[in-house]
$ cat final_3.cif   # mmCIF, C-alpha atoms
data_protein
#
loop_
_atom_site.label_atom_id
_atom_site.label_comp_id
_atom_site.auth_asym_id
_atom_site.auth_seq_id
_atom_site.Cartn_x
_atom_site.Cartn_y
_atom_site.Cartn_z
CA MET F 1 -17.88 20.04 8.03
CA PRO F 2 -14.64 19.42 6.12
CA THR F 3 -14.78 18.90 2.38
CA ALA F 4 -14.59 15.26 1.36
CA THR F 5 -11.52 14.74 -0.80
CA TYR F 6 -11.26 10.97 -1.26
CA ILE F 7 -14.34 9.59 -2.99
CA ALA F 8 -15.27 5.97 -3.66
CA LEU F 9 -16.13 5.70 -7.37
CA ALA F 10 -16.62 2.02 -8.10
CA ASN F 11 -15.79 -1.45 -6.90
CA VAL F 12 -16.33 -5.08 -7.69
CA THR F 13 -15.77 -8.38 -5.93
CA LEU F 14 -15.61 -11.14 -8.51
CA THR F 15 -18.17 -13.90 -8.08
CA GLY F 16 -16.52 -16.01 -10.80
CA ASN F 17 -13.24 -16.06 -12.66
CA ASP F 18 -12.65 -13.20 -15.06
CA SER F 19 -9.81 -12.28 -17.38
CA SER F 20 -10.14 -8.53 -16.98
CA VAL F 21 -11.79 -5.79 -14.99
CA GLU F 22 -12.50 -2.40 -16.49
CA PHE F 23 -13.48 0.91 -14.94
CA SER F 24 -15.04 3.12 -17.60
CA SER F 25 -16.92 6.42 -17.89
CA ILE F 26 -14.56 7.92 -15.33
CA PRO F 27 -15.51 11.59 -15.01
CA ALA F 28 -12.86 14.33 -15.15
CA THR F 29 -14.04 15.65 -11.79
CA PHE F 30 -11.08 14.65 -9.67
CA ARG F 31 -7.35 15.36 -9.54
CA ASP F 32 -5.98 11.85 -8.97
CA LEU F 33 -7.26 8.30 -9.19
CA VAL F 34 -6.43 5.46 -6.83
CA VAL F 35 -6.91 1.80 -7.75
CA VAL F 36 -6.75 -0.86 -5.03
CA VAL F 37 -6.62 -4.51 -6.08
CA GLN F 38 -6.37 -7.66 -4.01
CA ASN F 39 -6.40 -10.60 -6.37
CA THR F 40 -5.71 -14.26 -6.81
CA SER F 41 -5.23 -15.90 -10.19
CA THR F 42 -5.93 -19.32 -11.64
CA VAL F 43 -2.24 -19.69 -12.42
CA PRO F 44 0.72 -17.67 -11.11
CA SER F 45 0.43 -14.56 -13.18
CA GLN F 46 1.00 -10.85 -13.32
CA MET F 47 -1.45 -8.04 -13.96
CA SER F 48 -1.28 -5.47 -16.74
CA MET F 49 -2.93 -2.06 -16.90
CA ARG F 50 -4.02 0.02 -19.88
CA PHE F 51 -5.73 3.38 -20.21
CA ASN F 52 -8.51 4.24 -22.66
CA SER F 53 -8.01 0.83 -24.36
CA ASP F 54 -4.73 2.08 -25.84
CA THR F 55 -2.72 -0.91 -27.09
CA GLY F 56 0.07 1.21 -28.55
CA SER F 57 3.69 1.25 -27.38
CA ASN F 58 3.04 4.10 -25.00
CA TYR F 59 3.71 2.70 -21.55
CA ASN F 60 6.94 3.20 -19.65
CA ARG F 61 7.96 2.33 -16.13
CA VAL F 62 10.87 2.12 -13.69
CA ALA F 63 10.71 -0.29 -10.76
CA MET F 64 12.70 -1.26 -7.71
CA PHE F 65 12.40 -4.57 -5.90
CA GLY F 66 13.32 -6.30 -2.69
CA ASP F 67 12.87 -10.05 -2.62
CA GLY F 68 14.29 -10.64 0.82
CA SER F 69 17.88 -11.05 -0.26
CA THR F 70 18.55 -8.80 -3.26
CA ALA F 71 17.66 -5.19 -4.02
CA SER F 72 17.31 -4.48 -7.72
CA SER F 73 15.79 -2.16 -10.28
CA ASN F 74 14.76 -2.30 -13.92
CA THR F 75 12.90 -0.36 -16.56
CA SER F 76 10.46 -1.03 -19.34
CA THR F 77 9.96 1.39 -22.21
CA ASN F 78 7.56 1.61 -25.12
CA ALA F 79 5.52 -1.33 -23.89
CA SER F 80 1.92 -2.00 -24.81
CA SER F 81 0.78 -2.01 -21.18
CA ILE F 82 2.07 -1.47 -17.66
CA ASN F 83 3.00 -4.56 -15.73
CA THR F 84 1.64 -3.47 -12.36
CA GLN F 85 3.07 -6.39 -10.46
CA ALA F 86 6.54 -6.34 -12.04
CA GLU F 87 8.66 -9.17 -10.66
CA GLY F 88 5.94 -10.48 -8.38
CA GLN F 89 2.73 -12.32 -9.08
CA ALA F 90 -0.53 -13.59 -7.73
CA ASN F 91 -1.32 -17.28 -7.47
CA SER F 92 -4.40 -19.36 -6.88
CA THR F 93 -4.34 -19.41 -3.09
CA GLN F 94 -2.63 -16.24 -1.86
CA ALA F 95 -3.84 -12.80 -2.79
CA ALA F 96 -1.45 -10.21 -4.12
CA PHE F 97 -2.04 -6.58 -3.22
CA THR F 98 -1.59 -3.69 -5.64
CA HIS F 99 -2.06 0.01 -4.86
CA ILE F 100 -1.95 2.41 -7.81
CA GLN F 101 -2.14 6.20 -7.77
CA ILE F 102 -2.59 8.02 -11.09
CA MET F 103 -1.76 11.70 -10.90
CA ASP F 104 -3.56 14.45 -12.82
CA TYR F 105 -5.40 11.81 -14.83
CA SER F 106 -7.75 14.23 -16.59
CA ALA F 107 -5.15 16.76 -17.73
CA THR F 108 -4.89 17.17 -21.51
CA ASP F 109 -1.57 19.01 -21.52
CA LYS F 110 0.72 16.31 -20.13
CA HIS F 111 1.58 12.64 -20.19
CA LYS F 112 0.07 10.70 -17.29
CA SER F 113 2.29 9.40 -14.53
CA GLY F 114 1.71 7.46 -11.38
CA LEU F 115 3.05 5.31 -8.59
CA ILE F 116 2.47 1.66 -7.81
CA ARG F 117 3.12 -0.31 -4.62
CA PHE F 118 2.88 -4.07 -4.80
CA THR F 119 3.00 -6.91 -2.30
CA SER F 120 3.14 -10.38 -3.83
CA THR F 121 2.47 -13.88 -2.66
CA PRO F 122 4.58 -16.05 -0.35
CA ASP F 123 5.83 -18.35 -3.09
CA GLN F 124 7.38 -15.40 -4.89
CA PRO F 125 7.56 -12.78 -2.18
CA VAL F 126 8.71 -9.35 -3.15
CA THR F 127 8.04 -5.73 -2.33
CA VAL F 128 7.88 -3.47 -5.37
CA ALA F 129 7.65 0.26 -5.97
CA GLN F 130 7.14 1.55 -9.49
CA ALA F 131 6.78 4.85 -11.28
CA PHE F 132 5.07 4.81 -14.66
CA ARG F 133 4.22 7.12 -17.53
CA TRP F 134 1.56 6.78 -20.19
CA ALA F 135 2.71 8.79 -23.22
CA SER F 136 -0.62 10.37 -23.98
CA THR F 137 -2.21 13.75 -23.34
CA SER F 138 -5.71 12.29 -23.38
CA ALA F 139 -7.75 12.41 -20.22
CA ILE F 140 -8.08 8.95 -18.73
CA THR F 141 -11.66 7.75 -18.91
CA THR F 142 -11.07 4.00 -18.78
CA VAL F 143 -8.71 1.84 -16.71
CA THR F 144 -8.41 -1.81 -17.74
CA LEU F 145 -6.71 -4.44 -15.59
CA ALA F 146 -5.94 -7.76 -17.28
CA GLY F 147 -3.26 -10.26 -18.15
CA ALA F 148 -4.33 -12.89 -15.66
CA THR F 149 -7.45 -14.87 -14.97
CA PHE F 150 -8.59 -13.27 -11.79
CA THR F 151 -10.18 -15.68 -9.36
CA SER F 152 -13.54 -15.40 -7.65
CA GLY F 153 -13.24 -13.25 -4.54
CA SER F 154 -10.68 -10.87 -6.05
CA THR F 155 -11.52 -7.27 -5.20
CA PHE F 156 -11.06 -4.12 -7.30
CA ALA F 157 -11.84 -0.60 -6.11
CA LEU F 158 -11.48 2.83 -7.70
CA TYR F 159 -11.29 6.10 -5.78
CA GLY F 160 -11.07 9.74 -6.86
CA ILE F 161 -9.09 12.38 -4.99
CA VAL F 162 -10.27 15.97 -5.17
CA SER F 163 -7.67 18.72 -5.20
CA MET A 1 -19.28 11.04 0.68
CA SER A 2 -15.70 10.66 1.76
CA ALA A 3 -14.18 7.22 1.57
CA TRP A 4 -11.74 7.93 4.42
CA THR A 5 -12.89 8.10 8.03
CA VAL A 6 -10.77 8.74 11.09
CA ILE A 7 -11.38 5.78 13.38
CA ALA A 8 -9.04 6.85 16.15
CA HIS A 9 -6.08 9.11 16.83
CA THR A 10 -3.66 9.30 19.70
CA GLU A 11 -0.73 11.50 20.61
CA LEU A 12 1.22 10.44 23.64
CA GLY A 13 1.29 12.82 26.58
CA ALA A 14 4.01 10.72 28.17
CA ALA A 15 6.27 7.88 27.06
CA GLN A 16 4.66 4.45 26.91
CA ALA A 17 5.53 1.00 25.65
CA ASN A 18 2.78 0.40 23.12
CA ILE A 19 0.15 2.13 21.04
CA THR A 20 -2.86 -0.10 20.55
CA PHE A 21 -5.97 0.29 18.45
CA SER A 22 -8.54 -2.24 19.61
CA SER A 23 -12.21 -3.02 19.00
CA ILE A 24 -11.81 -2.17 15.31
CA PRO A 25 -15.25 -2.87 13.81
CA ALA A 26 -15.34 -5.54 11.13
CA ALA A 27 -18.28 -4.55 9.00
CA THR A 28 -17.87 -0.80 8.74
CA TYR A 29 -14.93 -0.34 6.38
CA THR A 30 -13.17 -2.04 3.48
CA ASP A 31 -9.53 -1.17 4.12
CA LEU A 32 -7.47 0.24 6.98
CA VAL A 33 -4.66 2.80 6.83
CA LEU A 34 -2.43 3.53 9.82
CA VAL A 35 -0.22 6.64 9.81
CA VAL A 36 2.44 6.88 12.51
CA SER A 37 4.84 9.60 13.62
CA ALA A 38 7.03 8.13 16.35
CA ARG A 39 10.29 8.35 18.26
CA SER A 40 11.84 5.72 20.47
CA ALA A 41 13.19 6.35 23.95
CA ASN A 42 15.89 3.76 23.41
CA ALA A 43 19.53 4.90 23.69
CA SER A 44 20.29 4.43 20.01
CA THR A 45 19.96 6.36 16.77
CA ASP A 46 17.02 4.43 15.39
CA ASP A 47 14.58 1.70 16.33
CA ALA A 48 12.41 -0.63 14.26
CA LEU A 49 8.68 0.07 14.40
CA LEU A 50 6.93 -3.29 14.70
CA PHE A 51 3.29 -4.24 15.00
CA ASP A 52 1.11 -7.23 15.81
CA LEU A 53 -2.43 -8.00 14.73
CA ASN A 54 -5.10 -9.38 17.06
CA GLY A 55 -2.46 -9.98 19.72
CA SER A 56 -0.71 -12.62 17.63
CA THR A 57 3.02 -12.78 16.93
CA ALA A 58 2.68 -15.91 14.79
CA ASN A 59 2.41 -16.36 11.03
CA GLN A 60 4.08 -13.05 10.24
CA SER A 61 6.38 -12.51 7.27
CA ILE A 62 8.14 -9.59 5.68
CA ARG A 63 10.18 -8.74 2.60
CA LEU A 64 11.78 -5.33 2.79
CA LEU A 65 13.79 -2.97 0.62
CA ARG A 66 15.95 -0.41 2.41
CA GLY A 67 17.94 2.59 1.27
CA ASN A 68 20.28 4.48 3.59
CA GLY A 69 21.62 7.13 1.25
CA SER A 70 24.48 5.06 -0.10
CA THR A 71 23.38 1.44 -0.45
CA THR A 72 20.21 -0.57 -0.98
CA THR A 73 19.55 -3.87 0.72
CA SER A 74 16.75 -6.38 0.96
CA ALA A 75 15.95 -8.70 3.82
CA SER A 76 13.24 -11.02 5.05
CA GLY A 77 11.95 -12.14 8.41
CA THR A 78 9.10 -13.46 10.49
CA TYR A 79 7.79 -10.21 11.92
CA LEU A 80 5.71 -7.25 10.79
CA SER A 81 7.42 -3.86 10.51
CA MET A 82 6.58 -0.40 9.22
CA GLY A 83 10.25 0.64 9.03
CA TYR A 84 12.49 2.62 11.37
CA VAL A 85 11.88 5.62 13.61
CA SER A 86 14.22 8.03 15.35
CA ALA A 87 15.51 7.07 18.79
CA ALA A 88 16.95 8.90 21.77
CA ASN A 89 20.41 9.45 20.26
CA ALA A 90 19.03 10.96 17.06
CA THR A 91 18.74 14.69 16.55
CA SER A 92 16.23 16.04 19.05
CA SER A 93 12.65 16.60 17.91
CA THR A 94 13.04 14.28 14.92
CA PHE A 95 10.44 11.57 14.49
CA GLY A 96 10.19 8.71 12.02
CA ASN A 97 7.08 8.46 9.89
CA ALA A 98 5.35 5.46 8.39
CA LEU A 99 2.18 4.40 6.61
CA LEU A 100 0.59 0.97 6.65
CA TYR A 101 -2.14 -0.08 4.19
CA ILE A 102 -4.27 -3.14 4.95
CA PRO A 103 -6.81 -4.08 2.23
CA ASN A 104 -9.87 -6.16 3.04
CA TYR A 105 -8.92 -6.32 6.70
CA ALA A 106 -12.12 -8.11 7.68
CA ALA A 107 -12.13 -10.69 4.88
CA SER A 108 -11.75 -14.38 5.67
CA GLN A 109 -8.41 -14.68 3.93
CA ASN A 110 -4.74 -14.16 4.67
CA LYS A 111 -3.78 -10.50 4.90
CA PRO A 112 -1.23 -9.04 2.46
CA MET A 113 -0.20 -5.48 3.30
CA TYR A 114 2.36 -2.86 2.45
CA ALA A 115 4.12 -0.31 4.63
CA ASP A 116 6.49 2.54 3.84
CA GLY A 117 8.62 4.22 6.48
CA VAL A 118 11.18 7.02 6.61
CA PHE A 119 13.64 8.09 9.28
CA GLU A 120 15.72 11.22 8.75
CA ASN A 121 17.41 13.24 11.48
CA ASN A 122 19.57 15.88 9.80
CA ALA A 123 22.61 13.75 10.55
CA THR A 124 24.51 10.92 8.94
CA THR A 125 22.03 8.15 9.54
CA ALA A 126 18.85 8.13 7.50
CA LEU A 127 16.72 5.28 6.27
CA GLN A 128 13.89 4.74 3.86
CA GLN A 129 12.29 1.36 3.90
CA MET A 130 9.37 -0.26 2.11
CA GLN A 131 7.83 -3.53 3.11
CA ALA A 132 5.73 -6.34 1.69
CA LEU A 133 3.92 -7.88 4.63
CA LEU A 134 1.79 -10.93 5.12
CA TRP A 135 -0.15 -12.11 8.13
CA SER A 136 -1.19 -15.69 7.32
CA ASN A 137 -4.38 -15.64 9.29
CA THR A 138 -7.96 -15.52 8.02
CA ALA A 139 -9.44 -13.76 11.05
CA ALA A 140 -10.84 -10.27 10.74
CA ILE A 141 -8.38 -7.75 12.13
CA ASN A 142 -9.77 -6.17 15.27
CA GLU A 143 -6.57 -4.94 16.92
CA ILE A 144 -3.32 -3.32 15.83
CA LYS A 145 -0.60 -3.03 18.46
CA LEU A 146 2.51 -0.95 17.78
CA ARG A 147 5.74 -1.74 19.59
CA LEU A 148 9.44 -1.05 19.23
CA ASP A 149 12.05 -3.66 18.47
CA SER A 150 14.18 -2.47 21.41
CA THR A 151 11.15 -2.93 23.71
CA SER A 152 11.71 0.65 24.85
CA ASN A 153 8.97 3.19 25.18
CA PHE A 154 7.57 5.39 22.48
CA ALA A 155 8.64 8.94 23.29
CA GLN A 156 6.22 11.66 24.28
CA TYR A 157 4.45 13.26 21.28
CA SER A 158 4.57 10.10 19.23
CA SER A 159 1.27 9.89 17.40
CA ALA A 160 -0.78 7.45 15.38
CA THR A 161 -3.96 7.78 13.37
CA LEU A 162 -6.09 4.90 12.13
CA TYR A 163 -8.31 5.48 9.11
CA GLY A 164 -11.04 3.33 7.66
CA ILE A 165 -11.60 3.34 3.90
CA THR A 166 -15.03 2.47 2.58
CA LYS A 167 -15.53 1.31 -0.98
CA GLY A 168 -18.58 2.49 -2.88
CA SER A 169 -19.98 3.75 -6.14
CA SER A 170 -20.52 7.30 -7.33
CA GLY A 171 -19.96 9.60 -10.27
CA GLY A 172 -21.36 7.25 -12.87
CA VAL A 173 -18.23 5.09 -13.17
CA VAL A 174 -18.98 1.72 -14.72
CA VAL A 175 -17.12 -1.42 -13.70
CA SER A 176 -17.25 -4.50 -15.87
#
$ encode --input "final_3.cif" --output "structure tokens"
Amino acid sequence: MPTATYIALANVTLTGNDSSVEFSSIPATFRDLVVVVQNTSTVPSQMSMRFNSDTGSNYNRVAMFGDGSTASSNTSTNASSINTQAEGQANSTQAAFTHIQIMDYSATDKHKSGLIRFTSTPDQPVTVAQAFRWASTSAITTVTLAGATFTSGSTFALYGIVS
Amino acid sequence: MSAWTVIAHTELGAAQANITFSSIPAATYTDLVLVVSARSANASTDDALLFDLNGSTANQSIRLLRGNGSTTTSASGTYLSMGYVSAANATSSTFGNALLYIPNYAASQNKPMYADGVFENNATTALQQMQALLWSNTAAINEIKLRLDSTSNFAQYSSATLYGITKGSSGGVVVS
């Protein structure tokens, strides 16, 4: 029997509106983390991500976008969170889809980096790929997703990948 | 317990027009992932890898970002694509590769997806393309049908693997 390498750690489907979702007590057992979010929001809004409740200016990212007519790229440095949806957004009727992979999340000898893929809603359609870095050598034990009022039915799932 | 399960895999023993995964169960998994390695039999360098869900070609939309080694472009359309694959005029034995991620494929809501595809053939033409996809249909997805934009056949040895991802809880992680 092959060794299982992609393990479901936690998930939630919102039964009411909520302003944030947090995964905590994440064990250092795995190599990478994967977060999968399909969300709607009460108003068109973007989603931010923080690690270990760190509100410092420690988040950096580079993104590239395609909105159907223009290809573009931008960066954000020394921010207080990662904007996971960049130029796109979720709205109240159409779910946006965000896939986040956090590499080597439990290492204590390096900053944490990861990749994000995002598909937004039809009223602001865009495909986005991002690379991010959290300037901290702490192992990630908490992932907080916020910045929008997530609507009932939004789904959030966390997976661990074993090396 | 692994969250990924192989639902089905196929590798073509001979060229054929479509690769279809049907009778996908609705209640078993949370998300679907389709991984494709394909080559087109069309007399061109590359061919777009398209797909339809539940036999429908309606209510499809795409926003894509493409890089060809020198320029980036973005385009939109009313189809679903995973990118480009090698075709008959490309370097022999080269295949394009693509991954499609479908979250909550059985939920009663429209289906946002993403797909990333690459086509490289050790020659001048090469493409990397990423896609935001939406199928505006609330039906559970029970079929994925791959086809080529040229309507040509997939070449022998083209392959596709469909995975099911199951959400769950383990390891003491708390969600709030």
$ closest_residue --input "final_3.cif" --among "A:Met113, A:Ala139, A:Val36, A:Leu146" --to "Ala96 in chain F" --atoms "all atoms listed in the file"
A:Met113
$ closest_atom_pairs --input "final_3.cif" --of "chain F" --to "chain A" --cutoff "7 Å" --atoms "only C-alpha atoms" --output "JSON lines"
{"residue": "F:Ala4", "atom": "CA", "partner": "A:Ser2", "partner_atom": "CA", "distance": 4.7}
{"residue": "F:Thr5", "atom": "CA", "partner": "A:Ser2", "partner_atom": "CA", "distance": 6.4}
{"residue": "F:Tyr6", "atom": "CA", "partner": "A:Ser2", "partner_atom": "CA", "distance": 5.4}
{"residue": "F:Ile7", "atom": "CA", "partner": "A:Ser2", "partner_atom": "CA", "distance": 5.1}
{"residue": "F:Ala8", "atom": "CA", "partner": "A:Gly168", "partner_atom": "CA", "distance": 4.9}
{"residue": "F:Leu9", "atom": "CA", "partner": "A:Ser169", "partner_atom": "CA", "distance": 4.5}
{"residue": "F:Ala10", "atom": "CA", "partner": "A:Ser169", "partner_atom": "CA", "distance": 4.3}
{"residue": "F:Asn11", "atom": "CA", "partner": "A:Gly168", "partner_atom": "CA", "distance": 6.3}
{"residue": "F:Val21", "atom": "CA", "partner": "A:Ser176", "partner_atom": "CA", "distance": 5.7}
{"residue": "F:Glu22", "atom": "CA", "partner": "A:Ser176", "partner_atom": "CA", "distance": 5.2}
{"residue": "F:Phe23", "atom": "CA", "partner": "A:Val175", "partner_atom": "CA", "distance": 4.5}
{"residue": "F:Ser24", "atom": "CA", "partner": "A:Val174", "partner_atom": "CA", "distance": 5.1}
{"residue": "F:Ser25", "atom": "CA", "partner": "A:Val173", "partner_atom": "CA", "distance": 5.1}
{"residue": "F:Ile26", "atom": "CA", "partner": "A:Val173", "partner_atom": "CA", "distance": 5.1}
{"residue": "F:Pro27", "atom": "CA", "partner": "A:Gly171", "partner_atom": "CA", "distance": 6.8}
{"residue": "F:Phe65", "atom": "CA", "partner": "A:Leu65", "partner_atom": "CA", "distance": 6.9}
{"residue": "F:Gly66", "atom": "CA", "partner": "A:Leu65", "partner_atom": "CA", "distance": 4.7}
{"residue": "F:Asp67", "atom": "CA", "partner": "A:Arg63", "partner_atom": "CA", "distance": 6.0}
{"residue": "F:Gly68", "atom": "CA", "partner": "A:Ala75", "partner_atom": "CA", "distance": 3.9}
{"residue": "F:Ser69", "atom": "CA", "partner": "A:Ser74", "partner_atom": "CA", "distance": 5.0}
{"residue": "F:Thr70", "atom": "CA", "partner": "A:Ser74", "partner_atom": "CA", "distance": 5.2}
{"residue": "F:Ala71", "atom": "CA", "partner": "A:Ser74", "partner_atom": "CA", "distance": 5.2}
{"residue": "F:Ala95", "atom": "CA", "partner": "A:Pro112", "partner_atom": "CA", "distance": 7.0}
{"residue": "F:Ala96", "atom": "CA", "partner": "A:Pro112", "partner_atom": "CA", "distance": 6.7}
{"residue": "F:Phe97", "atom": "CA", "partner": "A:Pro112", "partner_atom": "CA", "distance": 6.2}
{"residue": "F:Thr119", "atom": "CA", "partner": "A:Ala132", "partner_atom": "CA", "distance": 4.9}
{"residue": "F:Pro125", "atom": "CA", "partner": "A:Arg63", "partner_atom": "CA", "distance": 6.8}
{"residue": "F:Val126", "atom": "CA", "partner": "A:Arg63", "partner_atom": "CA", "distance": 6.0}
{"residue": "F:Thr127", "atom": "CA", "partner": "A:Ala132", "partner_atom": "CA", "distance": 4.7}
{"residue": "F:Ala157", "atom": "CA", "partner": "A:Lys167", "partner_atom": "CA", "distance": 6.6}
$ closest_residue --input "final_3.cif" --among "F:Arg117, F:Asp104, F:Asp109, F:Ser19" --to "Ser45 in chain F" --atoms "only C-alpha atoms"
F:Ser19
$ resolve_selection --input "final_3.cif" --expression "the PyMOL selection byres ((chain F and resi 135) around 10)" --output "list in words"
Gly56, Ser57, Asn58, Tyr59, Asn60, Asn78, Lys110, His111, Lys112, Ser113, Phe132, Arg133, Trp134, Ser136, Thr137 and Ser138 of chain F
$ resolve_selection --input "final_3.cif" --expression "the PyMOL selection byres ((chain F and resi 149-156) around 9)" --output "compact mmCIF listing (two decimals) with C-alpha atoms, keeping the file's coordinate frame"
# COMPACT_ATOMS: atom_id res chain seq x y z
CA ALA F 10 -16.62 2.02 -8.10
CA ASN F 11 -15.79 -1.45 -6.90
CA VAL F 12 -16.33 -5.08 -7.69
CA THR F 13 -15.77 -8.38 -5.93
CA LEU F 14 -15.61 -11.14 -8.51
CA THR F 15 -18.17 -13.90 -8.08
CA GLY F 16 -16.52 -16.01 -10.80
CA ASN F 17 -13.24 -16.06 -12.66
CA ASP F 18 -12.65 -13.20 -15.06
CA SER F 19 -9.81 -12.28 -17.38
CA SER F 20 -10.14 -8.53 -16.98
CA VAL F 21 -11.79 -5.79 -14.99
CA VAL F 35 -6.91 1.80 -7.75
CA VAL F 36 -6.75 -0.86 -5.03
CA VAL F 37 -6.62 -4.51 -6.08
CA GLN F 38 -6.37 -7.66 -4.01
CA ASN F 39 -6.40 -10.60 -6.37
CA THR F 40 -5.71 -14.26 -6.81
CA SER F 41 -5.23 -15.90 -10.19
CA THR F 42 -5.93 -19.32 -11.64
CA VAL F 43 -2.24 -19.69 -12.42
CA SER F 45 0.43 -14.56 -13.18
CA SER F 92 -4.40 -19.36 -6.88
CA ALA F 95 -3.84 -12.80 -2.79
CA ALA F 146 -5.94 -7.76 -17.28
CA GLY F 147 -3.26 -10.26 -18.15
CA ALA F 148 -4.33 -12.89 -15.66
CA ALA F 157 -11.84 -0.60 -6.11
CA LEU F 158 -11.48 2.83 -7.70
CA ASN A 104 -9.87 -6.16 3.04
$ atom_distance --input "final_3.cif" --atom1 "CA of Thr45 in chain A" --atom2 "CA of Gln60 in chain A"
25.9 Å
$ build_atoms --input "final_3.cif" --residues "range 10-29 of chain A" --atoms "N, CA and C atoms" --output "compact mmCIF listing (two decimals), keeping the file's coordinate frame"
# COMPACT_ATOMS: atom_id res chain seq x y z
N THR A 10 -4.26 9.10 18.38
CA THR A 10 -3.66 9.30 19.70
C THR A 10 -2.33 10.01 19.55
N GLU A 11 -2.05 10.89 20.49
CA GLU A 11 -0.73 11.50 20.61
C GLU A 11 -0.32 11.35 22.06
N LEU A 12 0.84 10.80 22.29
CA LEU A 12 1.22 10.44 23.64
C LEU A 12 1.57 11.67 24.48
N GLY A 13 0.96 11.75 25.64
CA GLY A 13 1.29 12.82 26.58
C GLY A 13 2.50 12.46 27.42
N ALA A 14 2.84 11.20 27.46
CA ALA A 14 4.01 10.72 28.17
C ALA A 14 4.47 9.44 27.48
N ALA A 15 5.72 9.08 27.70
CA ALA A 15 6.27 7.88 27.06
C ALA A 15 5.50 6.64 27.51
N GLN A 16 5.31 5.73 26.57
CA GLN A 16 4.66 4.45 26.91
C GLN A 16 5.12 3.37 25.95
N ALA A 17 4.93 2.13 26.35
CA ALA A 17 5.53 1.00 25.65
C ALA A 17 4.83 0.67 24.34
N ASN A 18 3.54 0.83 24.30
CA ASN A 18 2.78 0.40 23.12
C ASN A 18 1.73 1.44 22.75
N ILE A 19 1.34 1.40 21.49
CA ILE A 19 0.15 2.13 21.04
C ILE A 19 -0.76 1.08 20.43
N THR A 20 -1.96 0.97 20.97
CA THR A 20 -2.86 -0.10 20.55
C THR A 20 -4.20 0.45 20.10
N PHE A 21 -4.62 0.02 18.93
CA PHE A 21 -5.97 0.29 18.45
C PHE A 21 -6.75 -1.02 18.59
N SER A 22 -7.77 -1.02 19.38
CA SER A 22 -8.54 -2.24 19.61
C SER A 22 -10.01 -2.01 19.30
N SER A 23 -10.76 -3.08 19.30
CA SER A 23 -12.21 -3.02 19.00
C SER A 23 -12.47 -2.38 17.64
N ILE A 24 -11.60 -2.67 16.67
CA ILE A 24 -11.81 -2.17 15.31
C ILE A 24 -13.01 -2.90 14.73
N PRO A 25 -14.04 -2.19 14.31
CA PRO A 25 -15.25 -2.87 13.81
C PRO A 25 -14.98 -3.58 12.50
N ALA A 26 -15.62 -4.70 12.30
CA ALA A 26 -15.34 -5.54 11.13
C ALA A 26 -16.17 -5.16 9.92
N ALA A 27 -17.35 -4.69 10.12
CA ALA A 27 -18.28 -4.55 9.00
C ALA A 27 -18.34 -3.13 8.45
N THR A 28 -17.66 -2.20 9.07
CA THR A 28 -17.87 -0.80 8.74
C THR A 28 -17.06 -0.34 7.54
N TYR A 29 -15.85 -0.85 7.40
CA TYR A 29 -14.93 -0.34 6.38
C TYR A 29 -14.44 -1.47 5.48
